[in-house]
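Student: Structure file entry-v1.txt (compact mmCIF, C-alpha atoms) right here:
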# COMPACT_ATOMS: atom_id res chain seq x y z
CA MET N 30 89.48 72.34 107.26
CA SER N 31 86.59 74.74 107.11
CA MET N 32 85.24 73.50 103.79
CA ASP N 33 82.68 70.77 103.38
CA ALA N 34 84.42 67.64 102.12
CA ASP N 35 81.86 66.92 99.40
CA LYS N 36 82.55 70.24 97.62
CA SER N 37 85.68 68.75 96.06
CA VAL N 38 83.62 66.37 93.91
CA LEU N 39 81.32 69.05 92.51
CA MET N 40 81.50 70.33 88.95
CA GLU N 41 82.96 73.78 88.48
CA ALA N 42 79.71 75.19 87.11
CA ASP N 43 77.90 74.04 90.25
CA LEU N 44 80.53 75.59 92.49
CA VAL N 45 80.27 78.88 90.61
CA ARG N 46 76.48 78.84 90.91
CA MET N 47 76.66 78.10 94.65
CA ALA N 48 79.27 80.82 95.16
CA ARG N 49 77.05 83.29 93.32
CA GLU N 50 74.31 82.44 95.78
CA GLY N 51 76.66 83.37 98.61
CA ASP N 52 78.20 80.01 99.51
CA LEU N 53 81.69 80.89 100.69
CA THR N 54 82.78 77.26 101.01
CA ALA N 55 82.01 76.69 97.33
CA PHE N 56 84.15 79.71 96.54
CA GLU N 57 86.92 78.30 98.71
CA GLU N 58 86.89 75.15 96.60
CA LEU N 59 87.22 77.26 93.44
CA VAL N 60 90.17 79.08 95.00
CA ALA N 61 91.79 75.75 95.89
CA ARG N 62 91.39 74.48 92.33
CA HIS N 63 92.77 77.51 90.52
CA ARG N 64 95.01 79.33 92.98
CA ASP N 65 98.22 78.02 91.36
CA LYS N 66 97.24 79.26 87.93
CA VAL N 67 96.19 82.69 89.20
CA TYR N 68 99.35 83.00 91.29
CA ALA N 69 101.55 81.87 88.37
CA ARG N 70 100.06 84.56 86.13
CA ALA N 71 100.68 87.20 88.79
CA TYR N 72 104.24 85.95 89.21
CA SER N 73 104.88 85.97 85.45
CA MET N 74 104.00 89.63 85.38
CA MET N 75 105.48 90.85 88.64
CA ARG N 76 108.52 88.55 89.06
CA ASN N 77 108.20 89.03 92.79
CA GLU N 78 106.79 86.27 95.00
CA GLU N 79 105.42 88.53 97.72
CA GLU N 80 103.69 90.90 95.33
CA ALA N 81 102.36 88.01 93.28
CA LEU N 82 100.94 86.40 96.41
CA ASP N 83 99.22 89.58 97.59
CA LEU N 84 97.86 90.40 94.14
CA SER N 85 96.57 86.89 93.56
CA GLN N 86 94.73 86.99 96.90
CA ASP N 87 93.32 90.43 96.11
CA ALA N 88 92.14 89.03 92.79
CA TRP N 89 90.16 86.32 94.58
CA VAL N 90 88.51 88.91 96.82
CA LYS N 91 87.57 90.94 93.74
CA GLY N 92 86.38 87.77 92.06
CA TRP N 93 84.02 87.07 94.95
CA GLN N 94 82.69 90.63 94.90
CA ARG N 95 82.12 90.55 91.13
CA LEU N 96 80.79 87.02 90.76
CA ALA N 97 77.47 88.38 89.56
CA GLN N 98 79.29 89.79 86.53
CA PHE N 99 80.66 86.39 85.50
CA GLN N 100 78.51 85.41 82.54
CA GLY N 101 80.26 82.16 81.67
CA ASP N 102 81.46 83.44 78.27
CA SER N 103 84.90 82.14 79.17
CA SER N 104 85.99 79.57 81.72
CA PHE N 105 86.01 80.63 85.36
CA VAL N 106 89.80 80.41 85.57
CA THR N 107 90.20 82.57 82.43
CA TRP N 108 87.89 85.14 84.02
CA MET N 109 89.96 85.04 87.21
CA THR N 110 93.28 85.40 85.38
CA ARG N 111 91.91 88.49 83.63
CA ILE N 112 91.16 89.98 87.06
CA VAL N 113 94.64 89.26 88.36
CA ILE N 114 96.17 90.66 85.15
CA ASN N 115 94.30 93.93 85.65
CA LEU N 116 95.49 94.16 89.24
CA CYS N 117 99.07 93.48 88.13
CA LEU N 118 98.82 96.15 85.43
CA ASP N 119 97.61 98.67 88.02
CA GLN N 120 100.50 97.74 90.26
CA LEU N 121 103.00 98.00 87.40
CA ARG N 122 101.66 101.45 86.56
CA LYS N 123 102.39 102.48 90.14
CA HIS N 124 105.94 101.14 89.77
CA LYS N 125 106.30 102.94 86.45
CA ARG N 126 105.62 106.31 88.01
CA GLN N 127 108.57 105.73 90.30
CA ARG N 128 111.02 105.01 87.49
CA ALA N 129 113.15 107.47 85.57
CA GLU N 130 111.71 108.51 82.21
CA SER N 131 115.07 108.28 80.47
CA ILE N 132 115.25 104.54 81.13
CA GLU N 133 111.67 104.23 79.98
CA ALA N 134 112.40 105.99 76.68
CA MET N 135 115.45 103.85 76.05
CA GLU N 136 113.49 100.63 76.59
CA GLU N 137 110.60 101.83 74.46
CA ASP N 138 113.00 102.50 71.63
CA GLY N 139 114.05 98.89 71.52
CA GLY N 140 117.69 99.25 72.56
CA VAL N 141 120.43 97.27 70.85
CA GLU N 142 118.42 94.11 70.16
CA ARG N 143 116.02 95.81 67.80
CA GLN N 144 118.79 96.63 65.37
CA MET N 145 120.58 93.30 65.64
CA PRO N 146 120.70 91.15 62.50
CA VAL N 147 118.99 87.79 62.74
CA VAL N 148 121.82 85.39 63.49
CA ASN N 149 119.84 82.45 64.74
CA PRO N 150 116.37 82.09 63.23
CA ASN N 151 115.50 79.31 65.68
CA PRO N 152 117.13 79.92 69.05
CA THR N 153 115.01 77.35 70.86
CA ALA N 154 115.60 74.39 68.54
CA GLY N 155 116.56 71.17 70.25
CA LEU N 156 115.61 72.20 73.76
CA GLU N 157 113.58 69.79 75.87
CA ARG N 158 110.18 70.99 77.03
CA VAL N 159 111.06 71.37 80.71
CA GLU N 160 114.40 72.97 79.93
CA LEU N 161 112.77 75.29 77.43
CA ARG N 162 110.19 76.38 79.98
CA GLU N 163 112.89 77.13 82.56
CA ARG N 164 114.97 79.09 80.09
CA ILE N 165 112.01 81.07 78.89
CA ASP N 166 111.21 81.88 82.49
CA ARG N 167 114.76 83.05 83.18
CA ALA N 168 114.82 85.12 79.99
CA LEU N 169 111.46 86.70 80.84
CA ALA N 170 112.87 87.79 84.19
CA GLN N 171 115.44 89.89 82.37
CA LEU N 172 112.90 91.92 80.42
CA SER N 173 111.43 95.20 81.57
CA HIS N 174 107.92 95.11 83.04
CA GLU N 175 106.43 96.59 79.86
CA HIS N 176 108.02 94.09 77.52
CA ARG N 177 107.37 91.14 79.77
CA THR N 178 103.74 92.17 80.22
CA VAL N 179 103.10 92.45 76.50
CA LEU N 180 104.63 89.01 75.95
CA VAL N 181 102.61 87.45 78.77
CA LEU N 182 99.40 88.96 77.47
CA HIS N 183 100.08 87.89 73.89
CA GLU N 184 101.70 84.48 74.29
CA PHE N 185 100.17 83.19 77.53
CA GLU N 186 96.84 85.00 77.64
CA GLU N 187 96.49 84.92 73.83
CA LEU N 188 95.09 88.41 73.57
CA GLU N 189 95.03 90.39 70.32
CA TYR N 190 96.97 93.64 69.86
CA LYS N 191 93.80 95.71 70.29
CA GLU N 192 92.89 94.04 73.57
CA ILE N 193 96.45 94.36 74.91
CA ALA N 194 96.49 98.06 74.01
CA LYS N 195 93.22 98.56 75.87
CA ARG N 196 94.45 96.81 78.96
CA MET N 197 97.87 98.46 78.97
CA LYS N 198 96.30 101.84 78.16
CA CYS N 199 98.60 102.50 75.21
CA SER N 200 98.36 102.57 71.41
CA ILE N 201 98.39 99.49 69.18
CA GLY N 202 101.63 100.81 67.66
CA THR N 203 103.24 100.78 71.10
CA VAL N 204 102.04 97.23 71.67
CA MET N 205 103.53 96.12 68.33
CA SER N 206 106.80 97.85 69.06
CA ARG N 207 107.07 96.43 72.58
CA LEU N 208 106.18 92.95 71.40
CA PHE N 209 108.75 93.12 68.63
CA TYR N 210 111.48 94.27 70.96
CA ALA N 211 110.53 91.73 73.61
CA ARG N 212 110.67 88.85 71.12
CA ARG N 213 113.99 89.91 69.71
CA ARG N 214 115.39 90.27 73.19
CA MET N 215 114.04 86.81 74.09
CA ALA N 216 115.68 85.38 70.95
CA SER N 217 118.93 87.02 71.90
CA LEU N 218 118.78 85.78 75.49
CA LEU N 219 117.83 82.24 74.53
CA ALA N 220 120.49 82.09 71.80
CA GLY N 221 123.03 83.39 74.33
CA VAL N 222 122.06 80.71 76.79
CA ARG N 223 122.44 78.06 74.12
CA ARG N 224 125.84 79.35 73.05
CA GLU N 225 127.02 79.35 76.68
CA GLY N 226 125.71 75.82 77.09
CA SER N 227 127.49 74.50 74.01
CA GLU N 228 130.86 76.11 74.84
CA MET X 26 114.95 96.65 56.98
CA LYS X 27 112.77 99.55 58.06
CA HIS X 28 111.11 99.28 61.45
CA ASP X 29 107.63 99.66 59.95
CA LEU X 30 108.27 96.65 57.75
CA GLU X 31 109.63 94.67 60.69
CA LEU X 32 106.44 95.34 62.60
CA LYS X 33 104.39 94.26 59.59
CA VAL X 34 106.30 90.99 59.40
CA GLN X 35 105.40 90.44 63.04
CA ALA X 36 101.77 91.43 62.51
CA TRP X 37 101.61 89.00 59.57
CA LEU X 38 102.94 86.27 61.84
CA ASP X 39 100.37 87.06 64.53
CA GLY X 40 97.50 87.11 62.03
CA GLU X 41 96.80 90.78 62.70
CA LEU X 42 96.93 92.01 59.09
CA PRO X 43 93.86 92.34 56.86
CA ASP X 44 93.63 89.67 54.15
CA HIS X 45 94.91 91.71 51.22
CA GLU X 46 97.89 93.02 53.21
CA ALA X 47 98.65 89.57 54.61
CA ARG X 48 98.84 88.16 51.06
CA ARG X 49 101.24 90.89 49.98
CA MET X 50 103.38 90.37 53.08
CA GLY X 51 103.43 86.62 52.52
CA GLU X 52 104.79 87.17 49.04
CA LEU X 53 107.45 89.55 50.34
CA ILE X 54 108.60 87.07 52.98
CA ALA X 55 108.75 84.32 50.38
CA HIS X 56 111.15 86.35 48.23
CA ASP X 57 113.09 88.42 50.76
CA SER X 58 115.65 86.43 52.76
CA GLU X 59 116.04 89.11 55.43
CA ALA X 60 112.30 89.29 56.03
CA ALA X 61 112.14 85.48 55.98
CA ALA X 62 114.88 85.19 58.62
CA LEU X 63 113.14 87.73 60.84
CA ALA X 64 109.81 85.94 60.45
CA ALA X 65 111.52 82.65 61.35
CA GLU X 66 113.09 84.11 64.50
CA LEU X 67 109.92 85.82 65.71
CA GLY X 68 107.92 82.71 64.86
CA SER X 69 110.23 80.42 66.80
CA ILE X 70 109.92 82.59 69.92
CA ARG X 71 106.16 82.75 69.49
CA GLN X 72 105.94 78.99 69.11
CA ALA X 73 108.34 78.30 71.96
CA MET X 74 106.44 80.51 74.37
CA PHE X 75 103.00 79.28 73.46
CA ARG X 76 101.47 77.97 76.71
CA GLN X 77 104.90 77.63 78.28
CA GLU X 78 104.21 79.68 81.35
CA ALA X 79 106.35 78.46 84.21
CA ALA X 80 104.44 76.57 86.88
CA VAL X 81 105.41 78.46 90.02
CA PRO X 82 104.36 76.52 93.11
CA LEU X 83 102.61 78.42 95.85
CA ALA X 84 104.51 78.07 99.11
CA GLU X 85 101.42 78.72 101.28
CA SER X 86 99.14 75.91 102.35
CA ARG X 87 95.57 75.88 101.13
CA GLU X 88 94.25 76.97 104.55
CA PHE X 89 96.76 79.75 105.02
CA TYR X 90 96.24 81.11 101.52
CA TRP X 91 92.46 81.02 101.91
CA SER X 92 92.42 82.53 105.42
CA LYS X 93 93.63 85.91 104.17
CA ILE X 94 91.11 85.94 101.34
CA GLN X 95 88.31 84.99 103.71
CA ARG X 96 89.25 87.69 106.24
CA GLN X 97 89.35 90.31 103.51
CA ILE X 98 86.01 89.24 102.09
CA GLN X 99 84.39 89.34 105.49
CA ARG X 100 85.99 92.66 106.38
CA GLU X 101 85.03 94.39 103.13
CA ALA X 102 81.60 92.97 102.62
CA GLY X 103 80.55 91.58 105.98
CA SER X 104 80.36 88.14 104.36
CA ARG X 105 77.65 89.26 101.94
CA ARG X 106 77.69 90.32 98.33
CA PRO X 107 74.71 92.52 97.52
CA ASP X 108 75.46 92.60 93.79
CA ALA X 109 75.55 88.83 93.61
CA LEU X 110 72.10 88.38 95.10
CA PRO X 111 68.97 88.36 92.95
CA TRP X 112 67.02 91.64 92.94
CA PHE X 113 64.21 90.35 95.14
CA ALA X 114 66.73 89.12 97.74
CA ARG X 115 68.42 92.52 97.73
CA LEU X 116 65.04 94.24 98.03
CA ARG X 117 64.07 91.99 100.94
CA ARG X 118 66.94 93.41 102.98
CA TYR X 119 65.40 96.86 102.81
CA ILE X 120 61.75 95.86 103.29
CA GLY X 121 62.02 95.48 107.11
CA PRO X 122 63.41 98.94 107.89
CA LEU X 123 61.14 100.58 105.30
CA ALA X 124 58.04 98.86 106.72
CA GLY X 125 59.01 99.97 110.25
CA ALA X 126 59.46 103.57 109.17
CA ALA X 127 56.16 103.52 107.28
CA ALA X 128 54.30 102.11 110.33
CA LEU X 129 55.76 104.80 112.61
CA GLY X 130 54.73 107.47 110.11
CA CYS X 131 51.16 106.12 110.05
CA VAL X 132 50.92 106.14 113.86
CA LEU X 133 52.09 109.76 114.03
CA LEU X 134 49.73 110.80 111.25
CA LEU X 135 46.79 109.16 112.98
CA ALA X 136 47.66 110.87 116.27
CA VAL X 137 47.74 114.28 114.57
CA VAL X 138 44.49 113.67 112.70
CA ARG X 139 42.66 112.54 115.84
CA ASN X 140 43.88 115.30 118.15
CA GLY X 141 43.80 118.15 115.65
CA SER X 142 46.60 120.70 115.42
CA PRO X 143 49.13 120.49 118.20
CA SER X 144 48.81 123.20 120.84
CA PHE X 145 51.89 124.96 122.13
CA ASP X 146 50.22 127.06 124.84
CA GLU X 147 52.56 125.68 127.42
CA ILE X 148 55.45 127.43 125.66
CA SER X 149 53.99 130.80 126.39
CA SER X 150 54.71 131.90 129.91
CA THR X 151 52.77 135.10 129.73
CA GLY X 152 50.12 135.11 132.34
CA ASP X 153 46.70 136.48 131.56
CA GLY X 154 47.26 139.45 133.79
CA MET X 155 50.83 140.23 132.78
CA GLU X 156 51.80 143.36 130.82
CA ALA X 157 55.23 144.43 129.58
CA VAL X 158 56.43 147.93 128.69
CA THR X 159 59.89 148.49 127.25
CA PHE X 160 61.90 151.73 127.23
CA HIS X 161 65.18 152.06 125.45
CA ASP X 162 67.60 154.94 126.00
CA GLN X 163 70.07 155.20 123.11
CA SER X 164 72.44 157.63 124.78
CA ALA X 165 72.67 155.67 127.99
CA GLN X 166 72.71 152.34 126.13
CA MET X 167 70.06 151.13 128.48
CA THR X 168 66.84 149.19 128.14
CA VAL X 169 64.21 149.14 130.80
CA VAL X 170 61.48 146.53 130.81
CA TRP X 171 58.47 146.94 133.07
CA LEU X 172 56.60 143.78 133.82
CA GLN X 173 53.26 144.42 135.40
CA ASP X 174 50.95 141.87 136.91
CA SER X 175 47.69 143.74 136.63
CA SER X 176 45.85 141.16 138.71
CA ALA X 177 48.20 141.67 141.62
CA ALA X 178 48.63 145.37 140.79
CA MET X 179 52.33 144.95 141.34
CA GLU X 180 55.12 146.58 139.34
CA VAL X 181 58.47 144.88 138.84
CA PRO X 182 60.96 147.14 137.09
CA SER X 183 63.90 145.40 135.41
CA VAL X 184 67.01 147.17 134.14
CA GLN X 185 69.36 145.52 131.65
CA LYS X 186 72.41 146.89 129.91
CA SER X 187 74.07 145.40 126.82
CA VAL X 188 72.74 141.95 127.60
CA PRO X 189 70.06 140.19 125.56
CA THR X 190 67.07 139.42 127.65
CA GLU X 191 63.86 137.58 127.16
CA ASP X 192 60.47 138.96 127.71
CA SER X 193 57.73 137.17 129.51
CA SER X 194 56.28 135.71 126.32
CA GLY X 195 59.59 134.04 125.44
CA THR X 196 60.65 136.51 122.70
CA VAL X 197 64.31 137.47 122.77
CA ILE X 198 64.92 141.19 123.04
CA ASP X 199 68.20 142.14 121.39
CA LEU X 200 69.94 144.72 123.52
CA GLU X 201 73.09 146.59 122.46
How does the structure come out when it is put into C-alpha cells?

Tutor:
Amino acid sequence: MSMDADKSVLMEADLVRMAREGDLTAFEELVARHRDKVYARAYSMMRNEEEALDLSQDAWVKGWQRLAQFQGDSSFVTWMTRIVINLCLDQLRKHKRQRAESIEAMEEDGGVERQMPVVNPNPTAGLERVELRERIDRALAQLSHEHRTVLVLHEFEELEYKEIAKRMKCSIGTVMSRLFYARRRMASLLAGVRREGSE
Amino acid sequence: MKHDLELKVQAWLDGELPDHEARRMGELIAHDSEAAALAAELGSIRQAMFRQEAAVPLAESREFYWSKIQRQIQREAGSRRPDALPWFARLRRYIGPLAGAAALGCVLLLAVVRNGSPSFDEISSTGDGMEAVTFHDQSAQMTVVWLQDSSAAMEVPSVQKSVPTEDSSGTVIDLE
C-alpha cells in the first residue's frame, strides 16, 4: 500500500488540510473513507456501474484540483458528492441530446401516473427498512433520468427547488412538475410491488 | 384536481410555500379529502425515501480504485496543484526563471553601455576603392552592373537578366 499507515487515524479536517498542502497520501485516505458514498451517489443518478465508477473517479480528480475552493462550509463528503452530482448532470445532458424529443415531451408531461387517483395514500407502510431500501432502489431504476435525478437531489441530497433548478438548468416549475410526477410514479411502483407481494 | 393545485400541495409538503400561502394550503388540505389523500401519498414517498439511498458496494479494491485517480492527477497536473498552494509558494515557482532572465538582461545592458553602440562594419563588403555603376535597359530587359576597383584600376562588367542580384554593399537590386 502506497499510503502511510498512520494517516488512517487522522481526523478528517487534518487530512483535508494536508491534502490542500499537496499531500497526495492524505488525499488517498480521504478517497478511501468516502469513495463508497461518492460512488453510490453517482450510481443512484446514472444506474450504470461502469459510468458511475468513471464519474466517481473523475470527481475525485476534480476534488483534488479544486481543494483550495473547499471552505469547510459543509462536510468534505457533502462537498465531494456535489462535485460528482455535477459531473453526472453533465453526463446526463449528453445522453439527453441523443434521445428523441417526443419521448422527452411525454415524460415531462407526467404520463399516466400524473392523472391517476390516489388509491393508496401510504404505499410503503409495513415494509422493513432493508426491504424498503431495495424496493425504492428498484423503483428508482424504472424512472427516467430527469425524474430520478430530481428525486435524488431532493430526497437524498436535500436540496431546495431553487437549487435543483440551478443545477439541472431548468425552471423551478419544471422541477416541481418532475418531482410530482416522479413521486407519483414511485407510489405507483411501490404499491404495485406490494400488491404483487400480497397476491 | 387542477395540476397547479397538485403542485401547491407538494410545495406545501416540502416547505417551499411562503407562510401566508402555506397556512391557506394547510386549511385546504384539512377540509379537502382529495387534497389530503394526495398530500398523504406524496408525504409517504418523501418520508420513505429520506436518506434511503441504496448502499452500492464498490467492486474495485482500494488500491485499484485509487490507482486510476492517482494516474489522472499526475497526468493532468504533474502531481502539483498551483491553485491549492498559498500565493507566496506559487510566486516562488516563478522567481527562479524571472531572476535568471533579469540577470541576463543586466549583463547584456552592461555590455552595450560599456562598448557603446554596436558596429556592423563587417556586414558591408564594399571595399574602400570599389565603385558600382548600374545601367538598366527596359526594352532588352537587361541590367548591367559595373564594379570598379579604382585602386587596382580594373573593370569587371557583370550582366544579369531577370534575376535579382546583390550589389557589393549587400543591397538587393530587384531586376525584372

Student: For chain X, which residue among N:Ala194, N:Met109, N:Val90, N:Val204 is the nearest when counting all atoms listed in the file?

Tutor: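 That would be N:Val90, the residue with the smallest distance to chain X.
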
Student: Set the cut-off to 9 Å and count all atoms listed in the file: what are the residues of chain X that reach chain N? Output as a count of residues only.

Tutor: 49

Student: Using atom CA of His176 of chain N and atom CA of Trp37 of chain X as the two end points, give the distance in Å to one decimal.

Tutor: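 Interatomic distance here is 19.7 Å.
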
Student: What separation in Å, quoted to one decimal, exists between atom CA of Arg126 of chain N and atom CA of Cys199 of chain N?

Tutor: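 Between atom CA of Arg126 of chain N and atom CA of Cys199 of chain N the gap is 15.1 Å.
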
Student: Using Å and a single decimal, report how far atom CA of Leu38 of chain X sits from atom CA of His56 of chain X.

Tutor: 15.9 Å
